[in-house]
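*Asks:* Structure file protein_3.cif (mmCIF, C-alpha atoms) right here:
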data_start
#
loop_
_atom_site.label_atom_id
_atom_site.label_comp_id
_atom_site.auth_asym_id
_atom_site.auth_seq_id
_atom_site.Cartn_x
_atom_site.Cartn_y
_atom_site.Cartn_z
CA MET A 1343 6.72 10.70 -15.40
CA THR A 1344 6.41 9.07 -12.00
CA PRO A 1345 5.03 11.73 -9.61
CA GLN A 1346 7.13 12.78 -6.64
CA PRO A 1347 5.75 10.41 -3.98
CA PHE A 1348 5.76 13.06 -1.24
CA ARG A 1349 3.48 15.47 -3.12
CA ASN A 1350 -0.26 15.13 -2.68
CA PRO A 1351 -2.34 16.34 -5.64
CA ASP A 1352 -5.41 16.65 -3.38
CA ARG A 1353 -4.65 18.64 -0.22
CA ARG A 1354 -8.25 18.96 0.97
CA PHE A 1355 -9.07 17.56 4.40
CA ASP A 1356 -10.40 14.05 4.00
CA PRO A 1357 -12.27 12.85 7.13
CA GLY A 1358 -12.91 9.41 5.62
CA LYS A 1359 -9.19 8.79 5.20
CA TRP A 1360 -8.41 9.72 8.79
CA LEU A 1361 -11.29 7.63 10.12
CA MET A 1362 -9.90 4.67 8.23
CA MET A 1363 -6.40 5.36 9.59
CA GLY A 1364 -7.79 5.59 13.13
CA ALA A 1365 -9.65 2.30 12.74
CA MET A 1366 -6.50 0.66 11.38
CA PHE A 1367 -4.51 1.96 14.34
CA VAL A 1368 -7.00 0.60 16.89
CA LEU A 1369 -7.18 -2.77 15.11
CA SER A 1370 -3.38 -2.96 15.00
CA VAL A 1371 -2.84 -2.06 18.66
CA LEU A 1372 -5.40 -4.65 19.80
CA LEU A 1373 -3.91 -7.34 17.56
CA PHE A 1374 -0.32 -6.66 18.61
CA LEU A 1375 -1.27 -6.67 22.30
CA ARG A 1376 -2.93 -10.03 21.69
CA LEU A 1377 0.20 -11.42 20.03
CA LEU A 1378 2.35 -10.07 22.85
CA GLN A 1379 0.56 -12.43 25.23
CA HIS A 1380 2.68 -15.15 23.62
CA PRO A 1381 6.39 -14.54 24.36
CA THR A 1382 7.40 -16.85 21.51
CA SER A 1383 5.58 -14.80 18.87
CA ASP A 1384 7.80 -12.73 16.57
CA ILE A 1385 6.76 -9.44 18.15
CA GLY A 1386 7.10 -11.01 21.61
CA ILE A 1387 10.69 -12.07 20.95
CA HIS A 1388 11.65 -8.67 19.54
CA THR A 1389 9.98 -6.92 22.47
CA GLU A 1390 12.08 -8.97 24.86
CA TRP A 1391 15.20 -7.98 22.91
CA ALA A 1392 14.14 -4.33 22.94
CA GLY A 1393 13.85 -4.56 26.72
CA GLU A 1394 17.58 -5.29 26.85
CA GLY A 1395 18.39 -2.07 24.97
CA ASP A 1396 20.04 0.82 26.78
CA PHE A 1397 20.94 4.13 25.12
CA ARG A 1398 23.92 4.39 27.50
CA ASP A 1399 25.37 1.35 25.75
CA LEU A 1400 24.34 1.27 22.08
CA SER A 1401 25.88 -2.16 21.59
CA THR A 1402 22.92 -3.57 23.56
CA PHE A 1403 20.76 -2.94 20.48
CA LEU A 1404 23.02 -5.12 18.33
CA ARG A 1405 23.25 -8.26 20.43
CA HIS A 1406 20.53 -10.11 18.55
CA GLY A 1407 20.72 -8.62 15.06
CA ALA A 1408 21.89 -5.84 12.80
CA HIS A 1409 18.47 -4.20 12.43
CA PRO A 1410 18.03 -2.05 15.58
CA LEU A 1411 15.68 0.71 14.41
CA TRP A 1412 12.38 -0.71 15.70
CA HIS A 1413 14.00 -1.69 19.00
CA CYS A 1414 15.49 1.79 19.46
CA ILE A 1415 12.14 3.47 18.83
CA VAL A 1416 10.37 1.19 21.31
CA VAL A 1417 12.96 1.86 24.02
CA PHE A 1418 12.73 5.60 23.32
CA VAL A 1419 8.97 5.50 23.88
CA THR A 1420 9.44 3.67 27.20
CA LEU A 1421 11.56 6.62 28.41
CA PHE A 1422 8.27 8.53 28.76
CA GLY A 1423 6.91 5.97 31.22
CA VAL A 1424 5.07 3.79 28.71
CA PRO A 1425 5.20 0.06 29.61
CA LEU A 1426 7.40 -1.99 27.28
CA LYS A 1427 4.64 -4.13 25.75
CA THR A 1428 2.37 -1.12 25.25
CA ALA A 1429 5.21 0.77 23.58
CA SER A 1430 5.87 -2.24 21.36
CA ALA A 1431 2.24 -2.50 20.28
CA VAL A 1432 1.85 1.25 19.68
CA VAL A 1433 5.10 1.63 17.70
CA THR A 1434 4.21 -1.35 15.50
CA ALA A 1435 0.68 -0.02 14.99
CA VAL A 1436 2.12 3.33 13.90
CA CYS A 1437 4.24 1.43 11.35
CA LYS A 1438 1.09 -0.24 9.98
CA VAL A 1439 -0.73 3.09 9.79
CA ALA A 1440 2.28 4.64 8.03
CA GLU A 1441 2.13 1.78 5.51
CA VAL A 1442 -1.55 2.45 4.87
CA TRP A 1443 -0.95 6.21 4.61
CA LEU A 1444 1.75 5.67 1.98
CA ILE A 1445 -0.43 3.28 -0.01
CA HIS A 1446 -3.22 5.86 0.12
CA ARG A 1447 -0.82 8.58 -1.05
CA LEU A 1448 0.30 6.49 -4.03
CA PHE A 1449 -3.34 5.70 -4.87
CA ILE A 1450 -4.28 9.39 -4.67
CA ILE A 1451 -1.46 10.28 -7.07
CA ALA A 1452 -2.46 7.60 -9.56
CA LEU A 1453 -6.26 7.55 -9.24
CA HIS A 1454 -7.45 11.02 -8.15
CA ASP A 1455 -8.63 11.80 -11.69
CA LYS A 1456 -10.72 8.63 -11.92
CA TYR A 1457 -12.15 7.81 -8.46
CA SER A 1458 -13.66 9.67 -5.52
CA ARG A 1459 -11.68 10.16 -2.32
CA SER A 1460 -13.91 7.69 -0.47
CA ALA A 1461 -13.32 5.01 -3.12
CA ILE A 1462 -9.57 5.56 -2.97
CA THR A 1463 -9.67 5.29 0.82
CA LEU A 1464 -11.59 2.00 0.54
CA PHE A 1465 -9.15 0.50 -1.95
CA SER A 1466 -6.17 1.65 0.15
CA ALA A 1467 -7.58 -0.23 3.13
CA VAL A 1468 -8.19 -3.30 0.96
CA CYS A 1469 -4.57 -3.25 -0.22
CA ALA A 1470 -3.37 -3.10 3.40
CA LEU A 1471 -5.61 -6.02 4.46
CA VAL A 1472 -5.18 -8.58 1.68
CA SER A 1473 -3.18 -11.72 2.30
CA CYS A 1474 -2.26 -14.71 0.20
CA VAL A 1475 -5.35 -16.62 -0.81
CA CYS A 1476 -6.41 -19.24 1.70
CA VAL A 1477 -6.76 -22.76 0.30
CA PRO A 1478 -8.04 -24.75 3.30
CA PHE A 1479 -6.40 -28.06 2.42
CA TYR A 1480 -3.01 -26.37 1.76
CA ASN A 1481 -2.63 -23.31 4.02
CA PRO A 1482 -5.53 -23.34 6.51
CA THR A 1483 -3.69 -20.82 8.72
CA VAL A 1484 -3.11 -18.59 5.65
CA TYR A 1485 0.51 -17.66 6.39
CA LEU A 1486 2.24 -21.00 6.97
CA GLY A 1487 3.66 -22.51 3.80
CA ALA A 1488 2.65 -19.56 1.65
CA GLY A 1489 3.69 -16.20 3.11
CA THR A 1490 1.69 -13.03 2.67
CA PRO A 1491 2.18 -9.49 1.35
CA ASN A 1492 0.78 -8.05 4.61
CA THR A 1493 2.68 -9.63 7.48
CA TRP A 1494 0.98 -8.64 10.73
CA HIS A 1495 2.99 -10.67 13.21
CA SER A 1496 6.46 -9.32 12.33
CA CYS A 1497 7.27 -5.90 13.77
CA THR A 1498 10.58 -5.57 11.90
CA GLN A 1499 8.96 -6.48 8.59
CA LEU A 1500 6.28 -3.83 9.13
CA ILE A 1501 8.78 -1.04 9.66
CA ALA A 1502 10.80 -2.22 6.65
CA LEU A 1503 7.66 -2.04 4.47
CA VAL A 1504 7.28 1.63 5.34
CA PHE A 1505 10.68 2.38 3.84
CA MET A 1506 9.98 0.15 0.84
CA LEU A 1507 6.82 2.10 -0.02
CA ILE A 1508 8.89 5.29 -0.05
CA CYS A 1509 12.12 4.06 -1.65
CA VAL A 1510 10.73 2.19 -4.67
CA PRO A 1511 8.52 5.04 -6.00
CA TYR A 1512 11.19 7.60 -5.12
CA THR A 1513 13.86 5.66 -7.03
CA ALA A 1514 11.54 5.57 -10.04
CA TYR A 1515 10.97 9.30 -9.65
CA LEU A 1516 14.72 9.99 -9.70
CA PHE A 1517 15.09 8.13 -12.98
CA ASP A 1518 12.15 9.99 -14.49
CA ARG A 1519 13.73 13.25 -13.34
CA PHE A 1520 16.78 12.24 -15.36
CA GLY A 1521 14.54 11.64 -18.38
CA GLU A 1522 13.07 15.11 -17.92
CA LEU A 1523 16.44 16.88 -17.65
CA GLU A 1524 18.46 14.87 -20.19
CA PRO A 1525 17.05 16.59 -23.33
CA ILE A 1526 18.14 19.93 -21.83
CA HIS A 1527 21.58 19.13 -20.37
CA HIS A 1528 22.47 16.05 -22.45
CA GLU A 1529 25.62 14.24 -21.22
CA LYS A 1530 26.09 16.79 -18.40
CA THR A 1531 22.79 15.82 -16.77
CA ILE A 1532 22.84 15.36 -13.02
CA LEU A 1533 20.11 15.83 -10.42
CA PRO A 1534 20.09 18.39 -7.61
CA TRP A 1535 22.23 16.60 -5.01
CA ARG A 1536 19.57 16.79 -2.32
CA GLU A 1537 17.37 14.33 -4.25
CA PRO A 1538 19.74 11.32 -4.63
CA VAL A 1539 21.24 12.05 -1.19
CA ALA A 1540 17.72 11.74 0.25
CA LEU A 1541 17.41 8.34 -1.44
CA GLY A 1542 20.72 7.23 0.05
CA ILE A 1543 19.57 8.23 3.54
CA LEU A 1544 16.24 6.44 3.14
CA LEU A 1545 17.94 3.25 1.94
CA PHE A 1546 20.36 3.38 4.87
CA PHE A 1547 17.53 3.69 7.39
CA SER A 1548 15.66 0.87 5.65
CA LEU A 1549 18.66 -1.33 6.42
CA LEU A 1550 18.53 -0.28 10.07
CA ALA A 1551 14.87 -1.38 10.02
CA LYS A 1552 15.51 -4.73 8.30
CA PRO A 1553 17.78 -5.58 5.36
CA THR A 1554 15.34 -7.98 3.70
CA PHE A 1555 13.87 -5.22 1.51
CA MET A 1556 17.26 -4.08 0.25
CA GLN A 1557 18.56 -7.63 -0.30
CA ALA A 1558 16.14 -7.88 -3.24
CA PHE A 1559 15.72 -4.23 -4.20
CA LEU A 1560 19.43 -3.41 -4.46
CA PRO A 1561 20.26 -6.06 -7.09
CA GLY A 1562 16.95 -5.37 -8.83
CA ALA A 1563 17.63 -1.62 -8.99
CA CYS A 1564 21.20 -2.30 -10.11
CA LEU A 1565 19.93 -4.40 -13.01
CA PHE A 1566 17.41 -1.72 -13.95
CA PHE A 1567 19.96 1.11 -13.86
CA LEU A 1568 22.59 -1.00 -15.67
CA VAL A 1569 20.20 -1.47 -18.59
CA GLN A 1570 19.48 2.27 -18.60
CA TRP A 1571 23.19 3.08 -18.45
CA ILE A 1572 23.76 0.88 -21.51
CA ARG A 1573 20.93 2.74 -23.23
CA HIS A 1574 22.42 6.12 -22.24
CA PRO A 1575 26.21 5.55 -22.41
CA LYS A 1576 27.00 9.26 -22.53
CA ASN A 1577 25.20 9.99 -19.26
CA SER A 1578 27.68 8.44 -16.86
CA ARG A 1579 27.58 11.56 -14.66
CA TYR A 1580 24.00 10.84 -13.65
CA PHE A 1581 24.54 7.13 -13.01
CA LEU A 1582 27.75 7.74 -11.05
CA GLN A 1583 25.89 10.34 -8.99
CA ILE A 1584 23.31 7.72 -8.02
CA ILE A 1585 26.05 5.19 -7.20
CA VAL A 1586 27.90 7.66 -4.96
CA CYS A 1587 24.72 8.44 -3.01
CA VAL A 1588 23.70 4.82 -2.40
CA LEU A 1589 27.22 3.44 -1.87
CA PRO A 1590 27.14 3.90 1.95
CA SER A 1591 24.01 1.77 2.06
CA VAL A 1592 25.65 -0.91 -0.08
CA VAL A 1593 28.67 -1.05 2.25
CA PHE A 1594 26.46 -1.17 5.33
CA MET A 1595 24.35 -4.00 3.88
CA ILE A 1596 27.51 -6.01 3.18
CA ILE A 1597 28.53 -5.56 6.83
CA GLN A 1598 25.06 -6.68 7.94
CA TYR A 1599 25.26 -9.86 5.91
CA LEU A 1600 28.77 -10.58 7.16
CA TYR A 1601 27.12 -10.48 10.58
CA TYR A 1602 24.15 -12.63 9.60
CA PHE A 1603 26.06 -15.29 7.72
CA GLY A 1604 28.78 -16.23 10.18
CA ILE A 1605 31.72 -14.01 9.22
CA ILE A 1606 31.62 -11.37 11.96
CA VAL A 1607 29.68 -13.61 14.41
CA PRO A 1608 30.63 -17.23 13.60
CA TRP A 1609 27.75 -18.82 15.52
CA GLN A 1610 25.01 -16.94 13.64
CA ALA A 1611 24.42 -18.91 10.42
CA SER A 1612 25.64 -19.46 6.90
CA MET A 1613 24.11 -18.89 3.49
CA VAL A 1614 23.63 -22.01 1.36
CA MET A 1615 22.39 -22.91 -2.11
CA GLU A 1616 19.00 -24.61 -1.82
CA PHE A 1617 17.82 -24.94 -5.41
CA SER A 1618 15.85 -28.10 -6.21
CA LEU A 1619 12.87 -29.19 -8.27
CA ALA A 1620 10.85 -29.62 -5.08
CA LYS A 1621 11.65 -26.06 -4.06
CA CYS A 1622 10.67 -24.82 -7.53
CA ALA A 1623 7.20 -26.28 -7.01
CA ASP A 1624 7.00 -24.81 -3.50
CA VAL A 1625 8.02 -21.33 -4.70
CA ALA A 1626 5.59 -21.49 -7.64
CA ILE A 1627 2.73 -22.25 -5.22
CA ARG A 1628 3.78 -19.46 -2.86
CA VAL A 1629 3.94 -16.94 -5.69
CA ALA A 1630 0.57 -18.05 -7.05
CA LEU A 1631 -1.08 -17.75 -3.62
CA MET A 1632 0.43 -14.36 -2.80
CA LEU A 1633 0.11 -12.81 -6.24
CA ALA A 1634 -2.95 -14.40 -7.84
CA PHE A 1635 -4.66 -11.04 -8.32
CA PRO A 1636 -1.53 -9.13 -9.43
CA ILE A 1637 -0.64 -11.88 -11.92
CA TYR A 1638 -4.14 -11.69 -13.38
CA THR A 1639 -3.83 -7.91 -13.60
CA LEU A 1640 -0.46 -8.10 -15.36
CA TRP A 1641 -2.24 -10.04 -18.08
CA SER A 1642 -5.59 -8.22 -18.20
CA ALA A 1643 -4.01 -4.73 -18.16
CA ARG A 1644 -1.04 -5.65 -20.35
CA LYS A 1645 -1.90 -2.98 -22.93
CA GLN A 1646 -1.76 -0.16 -20.38
CA GLU A 1647 1.21 2.18 -20.52
CA LYS A 1648 4.01 0.94 -18.26
CA ASP A 1649 5.88 3.55 -16.25
CA THR A 1650 9.23 3.39 -14.49
CA CYS A 1651 7.72 2.36 -11.16
CA PHE A 1652 6.02 -0.59 -12.87
CA TRP A 1653 9.24 -1.89 -14.41
CA LEU A 1654 11.27 -1.30 -11.25
CA THR A 1655 8.70 -3.18 -9.17
CA LEU A 1656 8.59 -6.02 -11.68
CA VAL A 1657 12.37 -6.45 -11.59
CA PHE A 1658 12.34 -6.12 -7.78
CA ASN A 1659 9.83 -8.97 -7.52
CA ALA A 1660 11.67 -11.16 -10.02
CA VAL A 1661 14.93 -10.81 -8.07
CA ALA A 1662 13.17 -11.46 -4.74
CA ILE A 1663 11.59 -14.65 -6.08
CA ALA A 1664 14.89 -15.81 -7.62
CA GLU A 1665 16.74 -15.23 -4.34
CA PHE A 1666 14.20 -17.22 -2.37
CA LEU A 1667 14.31 -19.99 -4.99
CA ILE A 1668 18.09 -20.34 -4.97
CA LEU A 1669 19.30 -19.28 -1.51
CA GLY A 1670 18.70 -20.46 2.03
CA GLU A 1671 20.24 -20.45 5.50
CA SER A 1672 21.75 -23.07 7.75
CA GLY A 1673 22.77 -23.18 11.39
CA ARG A 1674 21.13 -21.00 14.03
CA ARG A 1675 19.03 -19.05 11.51
CA ALA A 1676 18.01 -22.02 9.34
CA LYS A 1677 14.31 -21.53 10.08
CA ASP A 1678 14.23 -17.71 10.00
CA GLY A 1679 13.35 -17.58 6.30
CA ASN A 1680 14.94 -14.21 5.70
CA PHE A 1681 14.95 -14.60 1.92
CA GLY A 1682 11.23 -15.24 2.15
CA TRP A 1683 10.77 -11.88 3.88
CA GLY A 1684 12.26 -10.17 0.82
CA MET A 1685 9.79 -11.94 -1.47
CA MET A 1686 6.85 -11.02 0.78
CA GLY A 1687 7.89 -7.37 0.92
CA ALA A 1688 8.25 -7.20 -2.85
CA ALA A 1689 4.79 -8.78 -3.17
CA LEU A 1690 3.18 -5.84 -1.34
CA MET A 1691 4.81 -3.38 -3.74
CA MET A 1692 3.50 -5.44 -6.65
CA TRP A 1693 0.06 -5.36 -5.06
CA VAL A 1694 0.12 -1.56 -4.98
CA ILE A 1695 1.12 -1.34 -8.64
CA ALA A 1696 -1.32 -4.06 -9.74
CA LEU A 1697 -4.34 -2.64 -7.92
CA ILE A 1698 -3.69 0.78 -9.44
CA ARG A 1699 -3.48 -0.75 -12.93
CA PHE A 1700 -6.60 -2.82 -12.35
CA LEU A 1701 -8.60 0.21 -11.24
CA ARG A 1702 -7.38 2.26 -14.20
CA ASP A 1703 -8.46 -0.44 -16.65
CA GLU A 1704 -11.21 0.91 -18.91
CA ASN A 1705 -12.93 -2.49 -18.71
CA VAL A 1706 -12.56 -2.83 -14.93
CA ARG A 1707 -16.29 -3.34 -14.33
CA ARG A 1708 -16.28 -6.37 -16.65
CA ARG A 1709 -13.16 -7.96 -15.14
CA TRP A 1710 -15.21 -10.36 -13.02
CA LEU A 1711 -12.31 -12.78 -12.49
CA GLY A 1712 -10.20 -9.92 -11.14
CA TRP A 1713 -12.92 -8.92 -8.68
CA VAL A 1714 -13.33 -12.55 -7.56
CA LEU A 1715 -9.58 -12.90 -6.95
CA LEU A 1716 -9.45 -9.55 -5.15
CA GLY A 1717 -12.34 -10.61 -2.92
CA TRP A 1718 -10.67 -13.96 -2.20
CA HIS A 1719 -7.45 -12.23 -1.16
CA LEU A 1720 -9.39 -9.79 1.04
CA LEU A 1721 -11.51 -12.46 2.76
CA SER A 1722 -8.36 -14.52 3.34
CA GLY A 1723 -6.69 -11.46 4.87
CA LEU A 1724 -9.63 -10.82 7.21
CA TYR A 1725 -9.64 -14.50 8.19
CA TYR A 1726 -5.88 -14.30 8.86
CA ILE A 1727 -6.41 -11.36 11.23
CA ALA A 1728 -9.27 -13.15 12.97
CA TYR A 1729 -7.11 -16.27 13.30
CA LEU A 1730 -4.35 -14.24 14.94
CA PHE A 1731 -6.86 -12.75 17.39
CA VAL A 1732 -8.31 -16.14 18.30
CA THR A 1733 -5.06 -18.11 18.60
CA GLY A 1734 -2.54 -15.40 19.41
CA ALA A 1735 -0.06 -17.25 17.21
CA PHE A 1736 1.00 -16.71 13.62
CA LEU A 1737 1.26 -20.39 12.58
#
Would you write the structure of this file as structure tokens?
*Replies:*
Amino acid sequence: MTPQPFRNPDRRFDPGKWLMMGAMFVLSVLLFLRLLQHPTSDIGIHTEWAGEGDFRDLSTFLRHGAHPLWHCIVVFVTLFGVPLKTASAVVTAVCKVAEVWLIHRLFIIALHDKYSRSAITLFSAVCALVSCVCVPFYNPTVYLGAGTPNTWHSCTQLIALVFMLICVPYTAYLFDRFGELEPIHHEKTILPWREPVALGILLFFSLLAKPTFMQAFLPGACLFFLVQWIRHPKNSRYFLQIIVCVLPSVVFMIIQYLYYFGIIVPWQASMVMEFSLAKCADVAIRVALMLAFPIYTLWSARKQEKDTCFWLTLVFNAVAIAEFLILGESGRRAKDGNFGWGMMGAALMMWVIALIRFLRDENVRRRWLGWVLLGWHLLSGLYYIAYLFVTGAFL
């Protein structure tokens, strides 16, 4: 059974973990302040938009997009006298630390019986620092033309990743709860309402952060639960309960995409089909660069038991890649690459699952190719951060 992702099996105070979190916070604040020196950087643009926000007129948070959560939090912090750029950097750094904390929590749940707390802390930091592998003749700036599971320059992507790292394991947990209760209650099985309602609330707030996580996760989760519903045809009560709780998020996401793709706001953009052989090659390269280590681990640890979170993450990634392969945008948002954001977010979730499986492999010490790939991803990630510091730009 997938453990409840909010429960920590090791509640002892861990100074090493908090030192690592503190170091990550300082690194993040310094990096985001550096990027904010360039108004055209992603965080610079969103900071400017946040500066237009006014809680006396909530529509001011929706002028530039349907994902106002980060902007609202930044403006709220400025109410305490914090300068706008400082508030922007601090809020985004807190998002990065929250991401690392959640990765560490998932690693503790999965690895506490096999590794020391210091080792788990180290691997959590590694997972939060890796990027796509850098191939100097192809992507010398790391990010451009490849994407990366850890996207430092995008404040809205960072806050969306926080919700992703909660929602995916929690969704898996809710299905495993069904598996636990079904032998007792049979076709009358439903969960305590507070649990699926909590999922619905989390998914709704993830959309307020940025809909790119849900654009891939929602169809992926629907496919997963449809297969399970076919396998358990007498348990419609449970599946309808899940649908009822997530339906508000589905409706809200539809409204968001009506906004993004020129229905509510005609000048925004439109969604187009972009499938081609050339794009197939491009997507294959992107996936290989972002997921070289996870792909290796899927093969090397293929005999390990596969839990619900594994399968849900696998489907989530497959849908994200398929969306990026087939769909694109035209008009004002043609270069925004929003379907790419979904693929990059899904890649981080796959990294979490893959690194856990790699470390649980009984032959992990002899998996030299896995260690080489992991080191390559990590060195590329450190180079990416250094590049951002030096240039102040994400390209």
*Asks:* With distances taken over only C-alpha atoms, which residue among A:Pro1590, A:Pro1636, A:Gly1670, A:Gly1717 lies nearest Ile1698 in chain A?
*Replies:* A:Pro1636
*Asks:* Please list as JSON, numbers by chain every residue within 9 Å of Asp1624 in chain A, counting only C-alpha atoms and excluding residues in the same chain fewer than 5 positions away.
*Replies:* {"A": [1487, 1488, 1619, 1629, 1667]}
*Asks:* With all atoms listed in the file as the atoms that count, which of A:Thr1513, A:Gln1570, A:Thr1554, A:Ser1370 lies nearest to Ala1470 in chain A?
*Replies:*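 Ranking A:Thr1513, A:Gln1570, A:Thr1554, A:Ser1370 by distance to Ala1470 in chain A, first place goes to A:Ser1370.
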*Asks:* Each residue of range 1414-1469 of chain A lying at most 12 Å from range 1699-1712 of chain A should get a row with its shortest atom-to-atom pair and the distance in Å to one decimal, counting all atoms listed in the file; could you produce that, ordered by chain and increasing number, as a Markdown table?
*Replies:*
| residue | atom | partner | partner_atom | distance |
| --- | --- | --- | --- | --- |
| A:Phe1449 | CA | A:Leu1701 | CA | 9.9 |
| A:Ala1452 | CA | A:Arg1702 | CA | 8.6 |
| A:Leu1453 | CA | A:Arg1702 | CA | 7.3 |
| A:His1454 | CA | A:Arg1702 | CA | 10.6 |
| A:Asp1455 | CA | A:Arg1702 | CA | 9.9 |
| A:Lys1456 | CA | A:Arg1702 | CA | 7.5 |
| A:Tyr1457 | CA | A:Leu1701 | CA | 8.8 |
| A:Ala1461 | CA | A:Leu1701 | CA | 10.5 |
| A:Ile1462 | CA | A:Leu1701 | CA | 9.9 |
| A:Phe1465 | CA | A:Leu1701 | CA | 9.3 |
| A:Ser1466 | CA | A:Leu1701 | CA | 11.7 |
*Asks:* Expand the PyMOL selection byres ((chain A and resi 1683) around 9) into the explicit residue set it covers here, and present it as a ChimeraX atom specification.
*Replies:* /A:1489,1499,1554-1555,1662,1666,1679-1682,1684-1688
*Asks:* Let's have the selection written as a JSON list (two decimals), keeping the file's coordinate frame, with C-alpha atoms.
*Replies:*
[["chain", "number", "residue", "atom", "x", "y", "z"],
["A", 1489, "GLY", "CA", 3.69, -16.20, 3.11],
["A", 1499, "GLN", "CA", 8.96, -6.48, 8.59],
["A", 1554, "THR", "CA", 15.34, -7.98, 3.70],
["A", 1555, "PHE", "CA", 13.87, -5.22, 1.51],
["A", 1662, "ALA", "CA", 13.17, -11.46, -4.74],
["A", 1666, "PHE", "CA", 14.20, -17.22, -2.37],
["A", 1679, "GLY", "CA", 13.35, -17.58, 6.30],
["A", 1680, "ASN", "CA", 14.94, -14.21, 5.70],
["A", 1681, "PHE", "CA", 14.95, -14.60, 1.92],
["A", 1682, "GLY", "CA", 11.23, -15.24, 2.15],
["A", 1684, "GLY", "CA", 12.26, -10.17, 0.82],
["A", 1685, "MET", "CA", 9.79, -11.94, -1.47],
["A", 1686, "MET", "CA", 6.85, -11.02, 0.78],
["A", 1687, "GLY", "CA", 7.89, -7.37, 0.92],
["A", 1688, "ALA", "CA", 8.25, -7.20, -2.85]]
*Asks:* Could you check which residues have any atom within 12 Å of (19.9, 8.8, 3.0), counting all atoms listed in the file with coordinates taken straight from the file, and then list them as number ranges by chain?
*Replies:* A: 1505, 1508-1509, 1512, 1535-1550, 1584, 1586-1592
*Asks:* Which is closest to Leu1715 in chain A among A:Ser1458, A:Thr1733, A:Thr1639, A:Thr1493, if we use all atoms listed in the file?
*Replies:* A:Thr1639
*Asks:* Would you kindly return, as a ChimeraX atom specification, each protein, DNA or RNA residue with an atom no farther than 10 Å from any atom of Pro1357 in chain A, considering all atoms listed in the file and excluding same-chain residues fewer than 5 positions away?
*Replies:* /A:1362-1363,1459-1460
*Asks:* Can you measure CA of Ala1551 in chain A to CA of Thr1498 in chain A for me? One decimal in Å is fine.
*Replies:*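 Separating CA of Ala1551 in chain A from CA of Thr1498 in chain A is a distance of 6.3 Å.
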*Asks:* Could you please determine the separation between CA of Tyr1729 in chain A and CA of Arg1376 in chain A in Å, to one decimal place?
*Replies:* 11.3 Å
*Asks:* Can you give me, as a PyMOL selection string, the residues this file yields under the PyMOL selection byres ((chain A and resi 1393) around 12)?
*Replies:* chain A and resi 1386-1392+1394-1397+1402-1403+1405-1406+1412-1421+1425-1427+1429-1430
*Asks:* Leaving out range 1519-1533 of chain A and any residue of its chain fewer than 6 positions from it, which residues lie within 6 Å of it when counting only C-alpha atoms, given as a PDB file with C-alpha atoms, keeping the file's coordinate frame?
*Replies:*
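Writing done, so here's part_25.pdb:
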ATOM      1  CA  LYS A1576      27.000   9.260 -22.530  1.00  0.00           C
ATOM      2  CA  ASN A1577      25.200   9.990 -19.260  1.00  0.00           C
ATOM      3  CA  TYR A1580      24.000  10.840 -13.650  1.00  0.00           C
TER       4      TYR A1580
END
*Asks:* Expressed in Å to a single decimal, how great is the separation between CA of Cys1622 in chain A and CA of Leu1669 in chain A?
*Replies:*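 Between CA of Cys1622 in chain A and CA of Leu1669 in chain A the gap works out to 11.9 Å.
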*Asks:* Taking all atoms listed in the file into account, which of A:His1574, A:Arg1447, A:His1409, A:His1380 comes nearest Tyr1602 in chain A?
*Replies:*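 Counting all atoms listed in the file, the residue closest to Tyr1602 in chain A is A:His1409.
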*Asks:* Out of A:Leu1631, A:Leu1656, A:Val1477, A:Leu1690, which residue has the shortest atom-to-atom distance to Glu1441 in chain A when counting all atoms listed in the file?
*Replies:*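 Of the candidates, the smallest distance to Glu1441 in chain A is held by A:Leu1690.
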*Asks:* Determine the residue membership of the PyMOL selection byres ((chain A and resi 1472) around 6) for the file above and supply it as a list in words.
*Replies:*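 Output from the PyMOL selection byres ((chain A and resi 1472) around 6), applied to this file: Cys1469, Leu1471, Ser1473, His1719, Leu1720 and Gly1723 of chain A.
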